[in-house]
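Below is one structure; the comments refer to it alone.
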Amino acid sequence: MTRPRFRRKMSRRRALGGAVAGTLGAAATAAIAHANPARARQPAPSGTYRIDLHAHFLPPDYRAALLDHGHVTIGGYPTPDWSPEQALAFMDYYGIQAQALSVSDPGVSFLRGNEANDLARYCNTYAAGLLRTHPKRFGAFAVLPMPDIQASIAEAVYALDELRLDGVVLLSAYDGVYLGDPRFEPLLIALNQRNAYVFVHPAAIPADAKPKLPLPDFLEEFTFDTTRAATLMMATGMTQRYPNIRFQLAHAGGTLPFLSHRVSVASQTVIGELWPADLPRPSILDTQRQIANFYYDTALSGSAAAMAGVLAVSSRDHIVFGSDWPFSALTLPQSGSSDPARGLSDVFDADQRMEVERINPLRQLPRLAAAVDA
């Protein structure tokens, strides 16, 4: 099969490449058993059926602004080219019916004031145009001019109520301040009122706040940052106070599934004894319930180990497909397969993959579901 034109030439240097009570239920236990690499790989469903909830876009003016401000890499990955035509070619090759597009790190937070507001509006309006011209192929999550809370509320209201985008994307942190910090509360109130779907994407950590390792951020640091954001949102009670918001955690939740027990025992330690009186005191069972309520995408995490971890803390209906394209271009199968996440077949059979890769995503985005099925 001839590779589509969206594939960039390979460089010499390849990129580095429901249980709640603390025990696994029968479904999770079976999934863990299925995750055994020795198990025969199951066939994936055929056809163009996938709905991609972790896919990025870089409209022309946005990409130009990134480069003008020195963002020649994103998380250590060279800032890619993107166009609707490239995205459609990618989707057609890998059996993806539709992508919910979002702006990746750094969002528009490298700008301030009117410049940030205008760039966010440009990206969201561009996305709305794609929804009109390709209604069955694209959805979108709105980018907000964070960390300006009032401007972000105004843009969220416009993007959700007027442009009819499918949700919003928030970074794990802005200027080193993580989601869950009380200063973000007014925005979450507005999103909760709209039953918003919120895609939480990791942000690059400032160079002076991380170890000096010769590794790109997307390899490890991104996963740690997602974990920090999710943990703080639970610790400050935001995931409890705003139950109408559905949070999708990138890359299978980072390290949250692995650390779920450690996170949940805070109330049994001196941390619980010193917990601020104005915050809900954490408990093991409630923390596990909150972890189970997150949605986890498969982007760069379509493996038996990652999926077994998610299934140990949540249920299969909380897993959604994500490709992370175009940032994942060099990690996708280079020949002989048009399956973008072959490792999922080490865990799921064809019916279960259909649930993860299509049914679950469409259940969360009703506008896109209606457009796809029209």
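We name chains A, B, ... following the order of the structure tokens; residues begin at 1 in each chain, and ligands are numbered from 1 as shown.
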
Closest atom pairs, region 145-202 of chain A residues within 10 Å of region 361-370 of chain A, only C-alpha atoms, as CSV:
```
residue,atom,partner,partner_atom,distance
A:Arg164,CA,A:Arg367,CA,8.1
A:Leu165,CA,A:Arg367,CA,8.3
A:Asp166,CA,A:Leu365,CA,6.1
A:Gly167,CA,A:Leu365,CA,8.1
A:Ala196,CA,A:Leu365,CA,9.6
A:Tyr197,CA,A:Gln364,CA,7.3
```

Could you give me the residues within region 66-313 of chain A that DSSP places in helix (DSSP H, G or I), as an MDAnalysis selection string?
-> chainID A and resid 66:68 84:93 113:133 149:162 182:193 207:209 221:235 238:241 250:253 256:268 270:273 284:293 304:313

Among the residues A:Ile189, A:Leu170, A:Ala209, A:Ala156, the one that comes closest to Arg241 (chain A) [using only C-alpha atoms] = A:Ile189

For region 88-104 of chain A, list every protein, DNA or RNA residue within 7 Å, evaluated using only C-alpha atoms, and leave out those in the same chain fewer than 4 positions away; present the list as a short mmCIF file (atom, residue, chain, number, x, y, z; two decimals) with C-alpha atoms, in the first residue's frame.
```
data_model
loop_
_atom_site.label_atom_id
_atom_site.label_comp_id
_atom_site.auth_asym_id
_atom_site.auth_seq_id
_atom_site.Cartn_x
_atom_site.Cartn_y
_atom_site.Cartn_z
CA PRO A 4 -0.14 8.93 1.76
CA PHE A 6 1.05 13.42 4.74
CA GLY A 47 -13.24 0.17 8.10
CA THR A 48 -13.03 3.87 8.88
CA TYR A 49 -14.68 3.86 12.27
CA ARG A 50 -12.36 5.52 14.80
CA ILE A 51 -13.19 8.78 16.59
CA ASP A 52 -9.99 10.52 17.68
CA LEU A 53 -10.23 12.65 20.83
CA HIS A 54 -6.53 13.47 21.09
CA ALA A 55 -5.57 15.09 17.80
CA HIS A 56 -3.97 18.45 17.24
CA PHE A 57 -4.13 21.18 14.65
CA LEU A 58 -1.91 24.13 13.87
CA PRO A 84 -6.81 19.93 6.71
CA LYS A 136 -18.48 14.37 9.48
CA ARG A 137 -14.70 14.54 9.81
CA PHE A 138 -13.89 17.18 12.42
CA GLY A 139 -14.87 18.21 15.91
CA ALA A 140 -12.94 20.65 18.08
CA PHE A 141 -12.00 21.62 21.62
CA ALA A 142 -11.68 25.36 22.16
CA VAL A 143 -8.39 26.88 23.23
CA VAL A 169 -8.75 22.02 26.09
CA SER A 338 -2.92 0.85 8.89
CA ASP A 339 -3.78 0.21 12.54
CA PRO A 340 -2.61 3.26 14.52
#
```

Of the candidates A:Glu162, A:Glu155, A:Glu355, A:Asp148, which shows the shortest atom-to-atom distance to Phe184 (chain A), using only C-alpha atoms?
-> A:Asp148

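If you measure from each of A:Val313, A:Val320, A:Ala374, A:Ile291 to Asn360 (chain A) using only C-alpha atoms, the closest one turns out to be A:Val320.
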
Residue among A:Ala203, A:Leu311, A:Leu187, A:Cys123 lying closest to Ala173 (chain A), counting only C-alpha atoms | A:Ala203

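If you look at CA of Phe348 (chain A) and CA of Gly302 (chain A), they are 10.6 Å away from each other.
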
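For the residues A:Leu188, A:Ala204, A:Ala312, A:Val157, ranking by smallest atom-to-atom distance to Thr73 (chain A) using only C-alpha atoms places A:Ala204 first.
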
Write out as number ranges by chain each polymer residue whose atoms come within 12 Å of Asp225 (chain A), counting only C-alpha atoms; drop sequence neighbours fewer than 4 positions from it.
-> A: 75, 105, 171-174, 176-179, 200-206, 209-210, 217-221, 229-232, 249-251, 253-256

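You will find CA of Ala304 (chain A) at 16.7 Å from CA of Thr331 (chain A).
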
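Take the candidates A:Ser46, A:Pro214, A:Ala151, A:Ser323 and check each one against Gly113 (chain A) using only C-alpha atoms; the shortest distance goes to A:Ala151.
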
Could you give me the residues within region 287-330 of chain A that DSSP places in strand (DSSP E or B), as an mmCIF file with C-alpha atoms, in the first residue's frame?
```
data_model
loop_
_atom_site.group_PDB
_atom_site.id
_atom_site.type_symbol
_atom_site.label_atom_id
_atom_site.label_comp_id
_atom_site.auth_asym_id
_atom_site.auth_seq_id
_atom_site.Cartn_x
_atom_site.Cartn_y
_atom_site.Cartn_z
ATOM 1 C CA TYR A 295 -11.620 9.639 31.006
ATOM 2 C CA TYR A 296 -8.326 8.243 29.730
ATOM 3 C CA ASP A 297 -7.142 8.460 26.138
ATOM 4 C CA ILE A 319 -11.236 4.844 27.751
ATOM 5 C CA VAL A 320 -11.284 6.864 24.507
#
```

Write out as a PyMOL selection string each polymer residue whose atoms come within 8 Å of Phe294 (chain A), counting only C-alpha atoms; drop sequence neighbours fewer than 6 positions from it.
-> chain A and resi 246-249+314+318

Determine, using only C-alpha atoms, which residues of region 97-204 of chain A have any atom at most 10 Å from an atom of region 64-69 of chain A, and tabulate each with its shortest atom pair and distance in Å to one decimal place, rows ordered by chain and then rising number, as CSV.
```
residue,atom,partner,partner_atom,distance
A:Pro106,CA,A:Leu66,CA,8.8
A:Gly107,CA,A:Leu66,CA,9.5
A:Val108,CA,A:Leu66,CA,8.8
A:Phe110,CA,A:His69,CA,7.7
A:Leu111,CA,A:His69,CA,8.9
A:Leu119,CA,A:Ala65,CA,8.7
```

Take CA of Thr287 (chain A) and CA of His261 (chain A) and report the distance between them in Å, one decimal.
-> 9.1 Å
